[in-house]
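What follows is the content of target_27.csv, which has CSV, C-alpha atoms and all ligand atoms:
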```
chain,number,residue,atom,x,y,z
A,316,ALA,CA,-4.8,7.0,3.5
A,317,SER,CA,-2.1,6.6,0.9
A,318,TYR,CA,1.6,6.9,1.6
A,319,ASP,CA,4.4,7.3,-0.8
A,320,MET,CA,7.6,5.2,-0.9
A,321,GLY,CA,9.8,8.2,-0.2
A,322,GLY,CA,12.4,7.2,-2.8
A,323,HIS,CA,12.4,3.5,-1.9
A,324,ASP,CA,11.5,0.8,-4.5
A,325,THR,CA,9.1,-0.9,-2.1
A,326,PHE,CA,7.3,-0.2,1.1
A,327,MET,CA,9.1,-3.1,2.7
A,328,HIS,CA,12.5,-1.4,2.0
A,329,LYS,CA,11.2,1.9,3.3
A,330,GLU,CA,9.8,0.3,6.5
A,331,ILE,CA,13.0,-1.6,7.2
A,332,SER,CA,15.0,1.6,6.8
A,333,GLU,CA,12.7,3.5,9.1
A,334,GLN,CA,13.5,1.3,12.1
A,335,PRO,CA,16.0,3.6,13.8
A,336,ASP,CA,13.4,6.4,13.9
A,337,ALA,CA,10.5,4.0,14.8
A,338,VAL,CA,12.4,2.6,17.8
A,339,ASP,CA,13.2,6.1,18.9
A,340,ARG,CA,9.5,6.9,18.9
A,341,VAL,CA,8.5,3.9,21.0
A,342,LEU,CA,11.1,4.9,23.6
A,343,ARG,CA,10.3,8.6,23.6
A,344,GLY,CA,8.9,10.1,26.8
A,345,ARG,CA,8.7,6.8,28.6
A,346,ILE,CA,12.1,6.4,30.3
A,347,ASP,CA,12.4,7.5,33.9
A,348,ASP,CA,16.1,7.9,34.7
A,349,ARG,CA,15.5,8.9,38.3
A,350,PHE,CA,14.0,5.5,39.2
A,351,SER,CA,15.6,3.5,36.4
A,352,THR,CA,12.2,2.4,35.1
A,353,VAL,CA,9.7,3.4,32.4
A,354,HIS,CA,6.3,5.1,32.5
A,355,LEU,CA,3.5,3.4,30.7
A,356,GLY,CA,0.5,5.6,31.3
A,357,GLY,CA,-2.0,3.5,29.3
A,358,LEU,CA,-1.5,0.2,31.1
A,359,ASN,CA,-4.1,0.9,33.8
A,360,LEU,CA,-2.3,-1.3,36.2
A,361,ASP,CA,-1.2,0.1,39.5
A,362,PRO,CA,1.9,-1.3,41.2
A,363,ARG,CA,-0.1,-3.2,43.8
A,364,GLU,CA,-2.0,-5.0,41.1
A,365,ALA,CA,1.1,-5.6,39.1
A,366,ARG,CA,2.6,-7.4,42.1
A,367,THR,CA,-0.3,-9.9,42.2
A,368,ILE,CA,0.2,-11.1,38.6
A,369,ARG,CA,1.2,-14.8,38.8
A,370,ARG,CA,1.5,-15.5,35.1
A,371,ILE,CA,1.4,-13.7,31.7
A,372,LYS,CA,-0.1,-15.1,28.6
A,373,ILE,CA,0.6,-13.4,25.3
A,374,LEU,CA,-1.7,-13.9,22.2
A,375,GLY,CA,-1.2,-12.9,18.6
A,376,CYS,CA,-1.0,-14.1,15.1
A,377,GLY,CA,1.8,-14.4,12.5
A,378,THR,CA,4.7,-11.9,13.1
A,379,SER,CA,2.9,-10.5,16.2
A,380,TYR,CA,2.9,-13.9,17.8
A,381,HIS,CA,6.7,-14.1,17.2
A,382,ALA,CA,7.1,-10.7,18.8
A,383,GLY,CA,5.0,-12.0,21.7
A,384,LEU,CA,7.4,-15.0,22.0
A,385,ILE,CA,10.3,-12.7,22.5
A,386,GLY,CA,8.2,-10.5,24.8
A,387,ALA,CA,7.5,-13.5,27.0
A,388,GLY,CA,11.2,-14.2,27.3
A,389,LEU,CA,11.9,-10.6,28.2
A,390,ILE,CA,9.2,-10.6,30.9
A,391,GLU,CA,10.4,-13.9,32.4
A,392,SER,CA,14.0,-12.7,32.5
A,393,MET,CA,13.4,-9.2,33.8
A,394,ALA,CA,10.3,-9.4,35.8
A,395,ARG,CA,10.6,-13.1,36.8
A,396,ILE,CA,6.9,-13.7,36.0
A,397,PRO,CA,6.2,-17.0,34.2
A,398,ALA,CA,5.2,-15.9,30.7
A,399,ASP,CA,4.5,-17.6,27.4
A,400,ALA,CA,3.0,-16.8,24.0
A,401,GLU,CA,0.5,-18.7,21.9
A,402,PRO,CA,-1.2,-18.1,18.6
A,403,ALA,CA,-4.5,-16.4,19.4
A,404,SER,CA,-6.5,-18.8,17.2
A,405,GLU,CA,-5.2,-21.9,18.9
A,406,PHE,CA,-5.9,-20.4,22.3
A,407,ARG,CA,-9.4,-19.6,21.4
A,408,TYR,CA,-10.4,-23.1,20.2
A,409,ARG,CA,-8.9,-25.1,23.1
A,410,ASN,CA,-11.3,-23.9,25.7
A,411,PRO,CA,-8.5,-22.5,27.8
A,412,VAL,CA,-8.6,-22.3,31.6
A,413,VAL,CA,-8.9,-18.6,32.3
A,414,ASP,CA,-7.2,-17.7,35.5
A,415,PRO,CA,-7.9,-14.6,37.5
A,416,ASP,CA,-4.2,-14.2,38.5
A,417,THR,CA,-3.0,-14.3,34.8
A,418,LEU,CA,-2.5,-11.1,32.9
A,419,TYR,CA,-3.4,-11.6,29.2
A,420,ILE,CA,-1.8,-9.5,26.5
A,421,ALA,CA,-3.1,-9.3,22.9
A,422,VAL,CA,-0.5,-8.3,20.3
A,423,SER,CA,-1.6,-6.9,16.9
A,424,GLN,CA,-0.1,-4.5,14.4
A,425,SER,CA,-3.4,-3.6,12.8
A,426,GLY,CA,-5.5,-4.1,16.0
A,427,GLU,CA,-8.1,-5.7,13.7
A,428,THR,CA,-7.1,-9.3,13.3
A,429,TYR,CA,-10.2,-11.3,13.9
A,430,ASP,CA,-8.6,-14.3,15.7
A,431,VAL,CA,-7.0,-11.9,18.2
A,432,LEU,CA,-10.1,-9.8,18.7
A,433,ALA,CA,-12.2,-12.9,19.2
A,434,ALA,CA,-9.7,-14.2,21.8
A,435,VAL,CA,-9.8,-10.9,23.6
A,436,GLN,CA,-13.6,-10.9,23.7
A,437,GLU,CA,-13.8,-14.5,24.9
A,438,LEU,CA,-11.3,-13.6,27.7
A,439,LYS,CA,-13.2,-10.5,28.7
A,440,ARG,CA,-16.4,-12.4,28.8
A,441,LYS,CA,-14.8,-14.7,31.3
A,442,GLY,CA,-13.7,-11.8,33.5
A,443,ALA,CA,-10.0,-11.8,32.6
A,444,ARG,CA,-7.8,-8.6,32.4
A,445,VAL,CA,-6.5,-8.1,28.9
A,446,LEU,CA,-3.9,-5.5,27.8
A,447,GLY,CA,-3.2,-4.6,24.2
A,448,VAL,CA,0.1,-4.1,22.5
A,449,VAL,CA,-1.1,-2.5,19.3
A,450,ASN,CA,0.2,-0.2,16.5
A,451,VAL,CA,-2.9,1.3,15.0
A,452,VAL,CA,-4.4,3.9,17.4
A,453,GLY,CA,-8.1,3.4,18.2
A,454,SER,CA,-8.3,0.0,16.5
A,455,ALA,CA,-10.8,-2.6,17.6
A,456,ILE,CA,-8.3,-4.5,19.8
A,457,ALA,CA,-7.1,-1.3,21.4
A,458,ARG,CA,-10.6,-0.3,22.2
A,459,GLU,CA,-11.6,-3.7,23.5
A,460,ALA,CA,-8.6,-4.1,25.9
A,461,ASP,CA,-8.5,-2.9,29.5
A,462,GLY,CA,-5.4,-0.9,28.8
A,463,GLY,CA,-2.1,-1.3,27.0
A,464,MET,CA,0.6,0.3,25.0
A,465,TYR,CA,0.9,1.7,21.5
A,466,VAL,CA,4.0,0.7,19.7
A,467,HIS,CA,4.3,3.8,17.6
A,468,ALA,CA,5.8,2.2,14.5
A,469,GLY,CA,3.9,4.5,12.2
A,470,PRO,CA,1.9,3.3,9.2
A,471,GLU,CA,3.1,-0.1,7.9
A,472,VAL,CA,1.9,-0.7,4.3
A,473,CYS,CA,3.9,-3.8,3.1
A,474,VAL,CA,1.9,-7.0,3.9
A,475,VAL,CA,4.7,-8.4,5.8
A,476,SER,CA,5.7,-6.7,9.1
A,477,THR,CA,9.2,-5.4,9.8
A,478,LYS,CA,9.3,-2.2,11.7
A,479,CYS,CA,6.2,-3.0,13.7
A,480,PHE,CA,7.7,-6.3,14.7
A,481,THR,CA,10.8,-4.5,16.0
A,482,ASN,CA,8.9,-1.8,17.8
A,483,THR,CA,6.6,-4.4,19.4
A,484,VAL,CA,9.6,-6.2,20.8
A,485,VAL,CA,11.0,-3.0,22.1
A,486,ALA,CA,7.5,-2.2,23.7
A,487,PHE,CA,7.7,-5.6,25.4
A,488,ALA,CA,11.2,-4.7,26.7
A,489,LEU,CA,9.7,-1.6,28.2
A,490,LEU,CA,6.8,-3.5,29.8
A,491,ALA,CA,9.3,-6.1,31.2
A,492,LEU,CA,11.4,-3.4,32.7
A,493,HIS,CA,8.4,-1.6,34.1
A,494,LEU,CA,7.1,-4.9,35.7
A,495,GLY,CA,10.6,-5.9,36.8
A,496,ARG,CA,11.2,-2.6,38.6
A,497,ILE,CA,7.9,-3.0,40.4
A,498,ARG,CA,9.0,-6.5,41.5
A,499,ASP,CA,12.6,-7.6,41.9
A,500,LEU,CA,14.8,-6.0,39.2
A,501,SER,CA,17.5,-3.9,40.8
A,502,VAL,CA,18.2,-0.3,40.0
A,503,THR,CA,21.5,-1.3,38.5
A,504,ASP,CA,19.9,-3.8,36.1
A,505,GLY,CA,17.2,-1.2,35.3
A,506,LYS,CA,20.0,1.3,34.4
A,507,ARG,CA,21.8,-1.3,32.3
A,508,ILE,CA,18.6,-2.1,30.3
A,509,ILE,CA,17.8,1.6,29.8
A,510,GLU,CA,21.3,2.2,28.5
A,511,GLY,CA,20.9,-0.7,26.2
A,512,LEU,CA,17.5,0.6,24.9
A,513,ARG,CA,19.0,4.0,24.2
A,514,LYS,CA,21.7,2.3,22.0
A,515,LEU,CA,19.2,0.5,19.8
A,516,PRO,CA,18.5,3.2,17.2
A,517,GLY,CA,22.2,3.8,16.5
A,518,GLN,CA,23.0,0.1,16.4
A,519,ILE,CA,20.1,-0.5,14.0
A,520,GLU,CA,21.5,2.3,11.8
A,521,GLU,CA,24.8,0.5,11.8
A,522,ILE,CA,23.3,-2.9,10.8
A,523,LEU,CA,21.4,-1.2,7.9
A,524,LYS,CA,24.8,-0.2,6.6
A,525,SER,CA,25.7,-3.8,5.9
A,526,GLU,CA,22.9,-4.0,3.3
A,527,ASP,CA,25.3,-4.4,0.3
A,528,GLU,CA,27.0,-7.4,2.0
A,529,ILE,CA,23.6,-9.0,2.7
A,530,LYS,CA,22.4,-8.3,-0.8
A,531,LYS,CA,25.4,-10.3,-2.2
A,532,LEU,CA,24.7,-13.2,0.2
A,533,ALA,CA,21.0,-13.1,-0.8
A,534,LYS,CA,22.0,-13.8,-4.4
A,535,GLU,CA,23.7,-17.0,-3.3
A,536,TYR,CA,20.7,-18.2,-1.4
A,537,ALA,CA,18.1,-17.1,-3.9
A,538,GLY,CA,18.2,-20.5,-5.6
A,539,ALA,CA,17.7,-22.6,-2.5
A,540,GLN,CA,14.8,-25.0,-2.4
A,541,SER,CA,14.6,-24.9,1.4
A,542,MET,CA,16.4,-23.2,4.3
A,543,MET,CA,16.8,-24.0,8.0
A,544,PHE,CA,16.8,-21.4,10.7
A,545,ILE,CA,18.1,-22.2,14.2
A,546,GLY,CA,18.5,-20.4,17.4
A,547,ARG,CA,18.5,-21.2,21.1
A,548,VAL,CA,16.3,-19.8,23.9
A,549,ARG,CA,16.3,-16.0,23.0
A,550,GLY,CA,17.5,-16.8,19.5
A,551,TYR,CA,14.7,-19.3,18.7
A,552,PRO,CA,11.9,-16.8,18.1
A,553,VAL,CA,14.3,-14.7,16.0
A,554,ALA,CA,14.8,-17.8,13.9
A,555,LEU,CA,11.0,-18.4,13.7
A,556,GLU,CA,10.4,-14.8,12.5
A,557,ALA,CA,13.3,-14.8,10.0
A,558,SER,CA,12.0,-18.1,8.5
A,559,LEU,CA,8.5,-16.7,8.3
A,560,LYS,CA,9.8,-13.5,6.6
A,561,LEU,CA,11.7,-15.6,4.0
A,562,LYS,CA,8.7,-17.9,3.2
A,563,GLU,CA,6.2,-15.0,3.0
A,564,ILE,CA,8.0,-13.0,0.4
A,565,SER,CA,10.4,-15.4,-1.5
A,566,TYR,CA,8.2,-18.5,-1.3
A,567,ILE,CA,11.3,-20.5,-0.4
A,568,HIS,CA,10.4,-23.2,2.1
A,569,ALA,CA,11.9,-22.5,5.4
A,570,GLU,CA,11.7,-24.0,8.8
A,571,ALA,CA,12.9,-22.8,12.2
A,572,TYR,CA,14.1,-25.1,14.9
A,573,PRO,CA,15.6,-24.7,18.4
A,574,ALA,CA,19.3,-25.4,17.9
A,575,SER,CA,19.1,-27.8,20.8
A,576,GLU,CA,16.5,-30.0,18.9
A,577,LEU,CA,18.6,-30.4,15.8
A,578,LYS,CA,19.9,-33.8,16.9
A,579,HIS,CA,16.3,-35.0,17.6
A,580,GLY,CA,15.4,-35.0,13.9
A,581,PRO,CA,16.2,-32.2,11.5
A,582,LEU,CA,19.9,-33.1,11.4
A,583,ALA,CA,18.8,-35.8,9.0
A,584,LEU,CA,18.0,-33.1,6.5
A,585,ILE,CA,21.4,-31.4,6.6
A,586,GLU,CA,23.3,-31.7,3.3
A,587,PRO,CA,25.1,-29.1,1.1
A,588,ALA,CA,21.8,-28.2,-0.6
A,589,LEU,CA,20.1,-27.1,2.6
A,590,PRO,CA,21.6,-23.9,4.0
A,591,THR,CA,21.2,-23.1,7.6
A,592,VAL,CA,20.9,-19.6,9.1
A,593,ALA,CA,22.1,-19.7,12.7
A,594,ILE,CA,21.6,-17.1,15.5
A,595,VAL,CA,24.8,-17.1,17.5
A,596,PRO,CA,24.8,-14.3,20.2
A,597,ASP,CA,27.8,-13.8,22.4
A,598,ASP,CA,26.1,-14.8,25.6
A,599,ASP,CA,26.2,-17.8,28.1
A,600,LEU,CA,25.0,-20.1,25.3
A,601,LEU,CA,27.7,-19.3,22.8
A,602,GLU,CA,29.6,-22.5,23.2
A,603,LYS,CA,26.4,-24.5,22.9
A,604,ASN,CA,25.5,-22.7,19.7
A,605,ARG,CA,29.0,-23.2,18.3
A,606,GLY,CA,28.5,-26.9,19.0
A,607,ALA,CA,25.4,-26.8,16.7
A,608,LEU,CA,27.5,-25.2,13.9
A,609,GLU,CA,30.0,-28.0,14.2
A,610,GLU,CA,27.3,-30.6,13.9
A,611,ILE,CA,26.0,-29.0,10.7
A,612,LYS,CA,29.5,-28.5,9.3
A,613,ALA,CA,30.4,-32.1,9.9
A,614,ARG,CA,27.4,-33.0,7.6
A,615,SER,CA,28.7,-30.5,4.9
A,616,GLY,CA,25.9,-28.1,5.6
A,617,ARG,CA,26.3,-24.5,4.4
A,618,ILE,CA,26.0,-22.0,7.3
A,619,LEU,CA,25.2,-18.3,7.5
A,620,ALA,CA,25.7,-17.1,11.1
A,621,VAL,CA,24.3,-13.9,12.6
A,622,ALA,CA,26.7,-13.3,15.5
A,623,HIS,CA,28.7,-10.7,17.4
A,624,GLN,CA,32.0,-12.1,16.1
A,625,PRO,CA,32.9,-14.1,13.0
A,626,GLN,CA,32.2,-17.8,13.5
A,627,GLU,CA,34.9,-20.1,12.3
A,628,LYS,CA,32.5,-22.9,11.3
A,629,ALA,CA,30.2,-20.6,9.3
A,630,ASP,CA,30.6,-20.0,5.6
A,631,HIS,CA,29.7,-16.4,6.3
A,632,THR,CA,29.0,-14.4,9.4
A,633,ILE,CA,26.9,-11.2,9.5
A,634,VAL,CA,28.4,-9.4,12.5
A,635,VAL,CA,26.0,-7.3,14.4
A,636,PRO,CA,26.7,-4.9,17.3
A,637,LYS,CA,26.4,-6.3,20.8
A,638,ASN,CA,23.8,-4.9,23.2
A,639,GLU,CA,22.7,-6.3,26.6
A,640,ASP,CA,22.0,-10.1,26.3
A,641,GLU,CA,18.2,-9.5,26.8
A,642,LEU,CA,18.0,-6.9,24.0
A,643,ASP,CA,20.2,-8.8,21.5
A,644,PRO,CA,17.3,-10.5,19.8
A,645,ILE,CA,15.9,-7.1,18.7
A,646,LEU,CA,19.1,-6.5,16.7
A,647,MET,CA,19.7,-10.0,15.4
A,648,GLY,CA,16.4,-10.1,13.5
A,649,ILE,CA,17.2,-7.0,11.4
A,650,PRO,CA,19.9,-8.3,9.0
A,651,LEU,CA,17.5,-11.3,8.3
A,652,GLN,CA,14.7,-8.9,7.2
A,653,LEU,CA,17.2,-7.6,4.6
A,654,LEU,CA,18.2,-11.2,3.7
A,655,ALA,CA,14.6,-12.1,3.1
A,656,TYR,CA,14.1,-8.9,1.2
A,657,HIS,CA,17.0,-9.3,-1.2
A,658,THR,CA,16.4,-13.0,-1.7
A,659,ALA,CA,12.8,-12.2,-2.8
A,660,LEU,CA,14.1,-9.3,-4.9
A,661,ALA,CA,16.6,-11.5,-6.7
A,662,MET,CA,13.8,-14.0,-7.4
A,663,GLY,CA,11.6,-11.2,-8.9
A,664,ARG,CA,8.8,-11.6,-6.3
A,665,ASP,CA,6.1,-9.0,-5.6
A,666,ILE,CA,7.5,-8.1,-2.2
A,667,ASP,CA,4.9,-5.7,-0.9
A,668,LYS,CA,2.0,-7.9,-1.9
A,669,PRO,CA,2.9,-11.6,-1.6
A,670,ARG,CA,0.5,-14.1,-3.2
A,671,ASN,CA,-2.3,-15.4,-1.0
A,672,LEU,CA,-1.6,-13.1,1.9
A,673,ALA,CA,-3.4,-10.0,3.3
A,674,LYS,CA,-2.1,-7.3,5.6
A,675,SER,CA,-4.8,-7.9,8.1
A,676,VAL,CA,-7.1,-10.8,8.3
A,677,THR,CA,-10.4,-9.4,9.7
A,678,VAL,CA,-12.5,-12.5,9.0
A,679,GLU,CA,-12.1,-16.0,10.5
B,701,LIG,C1,-1.6,-11.3,8.6
B,701,LIG,C2,-0.3,-10.6,8.0
B,701,LIG,C3,0.9,-10.9,8.9
B,701,LIG,C4,0.6,-10.5,10.3
B,701,LIG,C5,-0.7,-11.2,10.9
B,701,LIG,C6,-1.1,-10.6,12.2
B,701,LIG,O1,-1.5,-12.7,8.5
B,701,LIG,O2,-0.1,-11.1,6.7
B,701,LIG,O3,2.0,-10.2,8.4
B,701,LIG,O4,1.7,-10.8,11.2
B,701,LIG,O5,-1.8,-11.0,10.0
B,701,LIG,O6,-1.5,-9.2,12.0
B,701,LIG,P1,-1.6,-8.2,13.1
B,701,LIG,O7,-2.2,-6.9,12.5
B,701,LIG,O8,-2.7,-8.7,14.1
B,701,LIG,O9,-0.3,-8.0,13.8
```
What does the file become when written as structure tokens?
Ligand code: G6P
Amino acid sequence: ASYDMGGHDTFMHKEISEQPDAVDRVLRGRIDDRFSTVHLGGLNLDPREARTIRRIKILGCGTSYHAGLIGAGLIESMARIPADAEPASEFRYRNPVVDPDTLYIAVSQSGETYDVLAAVQELKRKGARVLGVVNVVGSAIAREADGGMYVHAGPEVCVVSTKCFTNTVVAFALLALHLGRIRDLSVTDGKRIIEGLRKLPGQIEEILKSEDEIKKLAKEYAGAQSMMFIGRVRGYPVALEASLKLKEISYIHAEAYPASELKHGPLALIEPALPTVAIVPDDDLLEKNRGALEEIKARSGRILAVAHQPQEKADHTIVVPKNEDELDPILMGIPLQLLAYHTALAMGRDIDKPRNLAKSVTVE
């Protein structure tokens, strides 16, 4: 099928702009206010089975792996089930111990990525239960999985993923809430998360309005040789995804680090020529994150913060609206999609088709 750009200069810009509607779609028809939970009809997992899950392992590649990392955090905090994410290709080749009490979740926009599909097939061959979190309806991974959820982002044409990433993370929030309410998440917390979810489309709309400000910033960073992205706990996968987006489309070298690990190595790199983008949410780790900004500033590093309030140590803060702590990572990634976009644009890159990359890698 071919899709038009609907007045945008690139598919990436169109897809970034579509996020309020896309998030609306992944929520639609799933929220149950009476029991403060969500209905996920395609999971094929009854509450009794859901209670027996001891661990969750999420597998994906590229941006989908990063969405899975945030998903694992959401599941741990809301459902209190130990969860982690791993690149599907790594998992497949290390002869993993496949455990009957673990629920496996394969994440893929296209539903066709070979490394993910092969991991699913290997898991199923060993008798594991595998769910899919997939965008393309009827794709290979969706068909192979025992059940799952569609993320309803709509067609994504740009090679790098934006709206599908956001929708996948929202889908994980729904799954975490669903599992949480079957287990120990209270009605009050369920309500709190539902209210937060409902605020997302409007808040994304608000963030998109800061595009002109981000465009100006991008012009400053467009000449950088390299950039550092830092975040802590929930903010770390946001940093990973933002750094991936920047490298994919601008070809600027970027690396992401947990803010807490700065002092164990990467601090040696900090100097005025290496800008740092810091994720600084207003949560229980705010003071810790501010400490990292101080360490960077003391070494004359330039800092761009994404935060809920202006950060004194930062050279510039992109202020985003506050949601529930658990859902903040969904919003904090969005201005950084625009930062990568406008940096690449200022450098004259072929944004929708970056060199050496393909939208879906269906071979090994
Ligand atoms: C390719 C794309 C990435 C994408 C990854 C996984 O490498 O260039 O943007 O994140 O595949 O794709 P999937 O369709 O499985 O999410």
- Would you kindly identify which residues have an atom no farther than 10 Å from (10.2, -25.6, 0.7), using only C-alpha atoms and the file's own coordinates, and write them out as a VMD selection string? chain A and resid 539 to 543 562 566 to 570
Saved selection, atoms kept: C-alpha atoms, as a PDB file, in the frame of the given file:
```pdb
ATOM      1  CA  ALA A 539      17.700 -22.600  -2.500  1.00  0.00           C
ATOM      2  CA  GLN A 540      14.800 -25.000  -2.400  1.00  0.00           C
ATOM      3  CA  SER A 541      14.600 -24.900   1.400  1.00  0.00           C
ATOM      4  CA  MET A 542      16.400 -23.200   4.300  1.00  0.00           C
ATOM      5  CA  MET A 543      16.800 -24.000   8.000  1.00  0.00           C
ATOM      6  CA  LYS A 562       8.700 -17.900   3.200  1.00  0.00           C
ATOM      7  CA  TYR A 566       8.200 -18.500  -1.300  1.00  0.00           C
ATOM      8  CA  ILE A 567      11.300 -20.500  -0.400  1.00  0.00           C
ATOM      9  CA  HIS A 568      10.400 -23.200   2.100  1.00  0.00           C
ATOM     10  CA  ALA A 569      11.900 -22.500   5.400  1.00  0.00           C
ATOM     11  CA  GLU A 570      11.700 -24.000   8.800  1.00  0.00           C
TER      12      GLU A 570
END
```
- Message: Give me, as a ChimeraX atom specification, the set of residues whose atoms come within 6 Å of any atom of ligand LIG 701 (chain B), counting only C-alpha atoms and all ligand atoms.
- Response: /A:376-379,423-426,428,474-476,672-676
- Message: At a cut-off of 12 Å, using all atoms listed in the file, what residues contact Asp324 in chain A? Leave out same-chain residues fewer than 3 positions from it and give the result as JSON, numbers by chain.
- Response: {"A": [319, 320, 321, 327, 328, 329, 330, 332, 473, 656, 657, 660, 665, 666, 667]}
- Message: I want to know what sits within 10 Å of range 397-404 of chain A, based on all atoms listed in the file, with residues of the same chain fewer than 4 positions away left out; could you give that as a PyMOL selection string?
- Response: chain A and resi 368-377+379-392+408-409+417-422+428-435+679
- Provide the CA of Ala554 in chain A to CA of Pro644 in chain A distance in Å, to one decimal place.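 Between these atoms lies a distance of 9.7 Å.
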- Name the closest residue to Asp598 in chain A among the candidates A:Asp499, A:Asp347, A:Glu586, A:Asp643; distances are taken between atoms, counting all atoms listed in the file.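 Under the stated criterion, the closest residue is A:Asp643.
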- Can you tell me, as a VMD selection string, what residues are no more than 7 Å from range 614-626 of chain A when counting all atoms listed in the file, ignoring any on the same chain fewer than 3 positions away? chain A and resid 585 to 587 589 to 597 610 to 611 629 to 637 647
Go ahead and write the selection's residues with C-alpha atoms as a tab-separated table (two decimals), in the frame of the given file.
```tsv
chain	number	residue	atom	x	y	z
A	585	ILE	CA	21.40	-31.40	6.60
A	586	GLU	CA	23.30	-31.70	3.30
A	587	PRO	CA	25.10	-29.10	1.10
A	589	LEU	CA	20.10	-27.10	2.60
A	590	PRO	CA	21.60	-23.90	4.00
A	591	THR	CA	21.20	-23.10	7.60
A	592	VAL	CA	20.90	-19.60	9.10
A	593	ALA	CA	22.10	-19.70	12.70
A	594	ILE	CA	21.60	-17.10	15.50
A	595	VAL	CA	24.80	-17.10	17.50
A	596	PRO	CA	24.80	-14.30	20.20
A	597	ASP	CA	27.80	-13.80	22.40
A	610	GLU	CA	27.30	-30.60	13.90
A	611	ILE	CA	26.00	-29.00	10.70
A	629	ALA	CA	30.20	-20.60	9.30
A	630	ASP	CA	30.60	-20.00	5.60
A	631	HIS	CA	29.70	-16.40	6.30
A	632	THR	CA	29.00	-14.40	9.40
A	633	ILE	CA	26.90	-11.20	9.50
A	634	VAL	CA	28.40	-9.40	12.50
A	635	VAL	CA	26.00	-7.30	14.40
A	636	PRO	CA	26.70	-4.90	17.30
A	637	LYS	CA	26.40	-6.30	20.80
A	647	MET	CA	19.70	-10.00	15.40
```
- Hey, can you check how far CA of Asp599 in chain A sits from CA of Pro573 in chain A?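 One can read the CA of Asp599 in chain A to CA of Pro573 in chain A distance as 15.9 Å.
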- Expressed in Å to a single decimal, how great is the separation between CA of Lys524 in chain A and CA of Asp336 in chain A?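 One can read the CA of Lys524 in chain A to CA of Asp336 in chain A distance as 15.1 Å.
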- Message: I want to know what sits within 12 Å of Met393 in chain A, based on all atoms listed in the file, with residues of the same chain fewer than 2 positions away left out; could you give that as an NGL selection string?
- Response: :A and (352 or 386-391 or 395-398 or 487-502 or 504-505 or 507-508 or 640-642)
- Task: Excluding Ala659 in chain A and residues on its chain fewer than 5 positions from it, collect all residues at most 6 Å away from it, counting all atoms listed in the file, and give them as a ChimeraX atom specification.
- Result: /A:564-565,664
- Message: Nearest residue to Gly546 in chain A out of A:Thr658, A:Ser454, A:Gln652, A:Ser558, using only C-alpha atoms?
- Response: A:Ser558
- Message: Taking all atoms listed in the file into account, name the residue in A:Ile509, A:Val449, A:Ala655, A:Ala571 that is nearest to Val553 in chain A.
- Response: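 For Val553 in chain A, the nearest of the candidates is A:Ala571.
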- Select, from A:Ala457, A:Ala533, A:Ala661, A:Val466, the residue with the minimum atom-to-atom distance to Lys478 in chain A, counting all atoms listed in the file. A:Val466
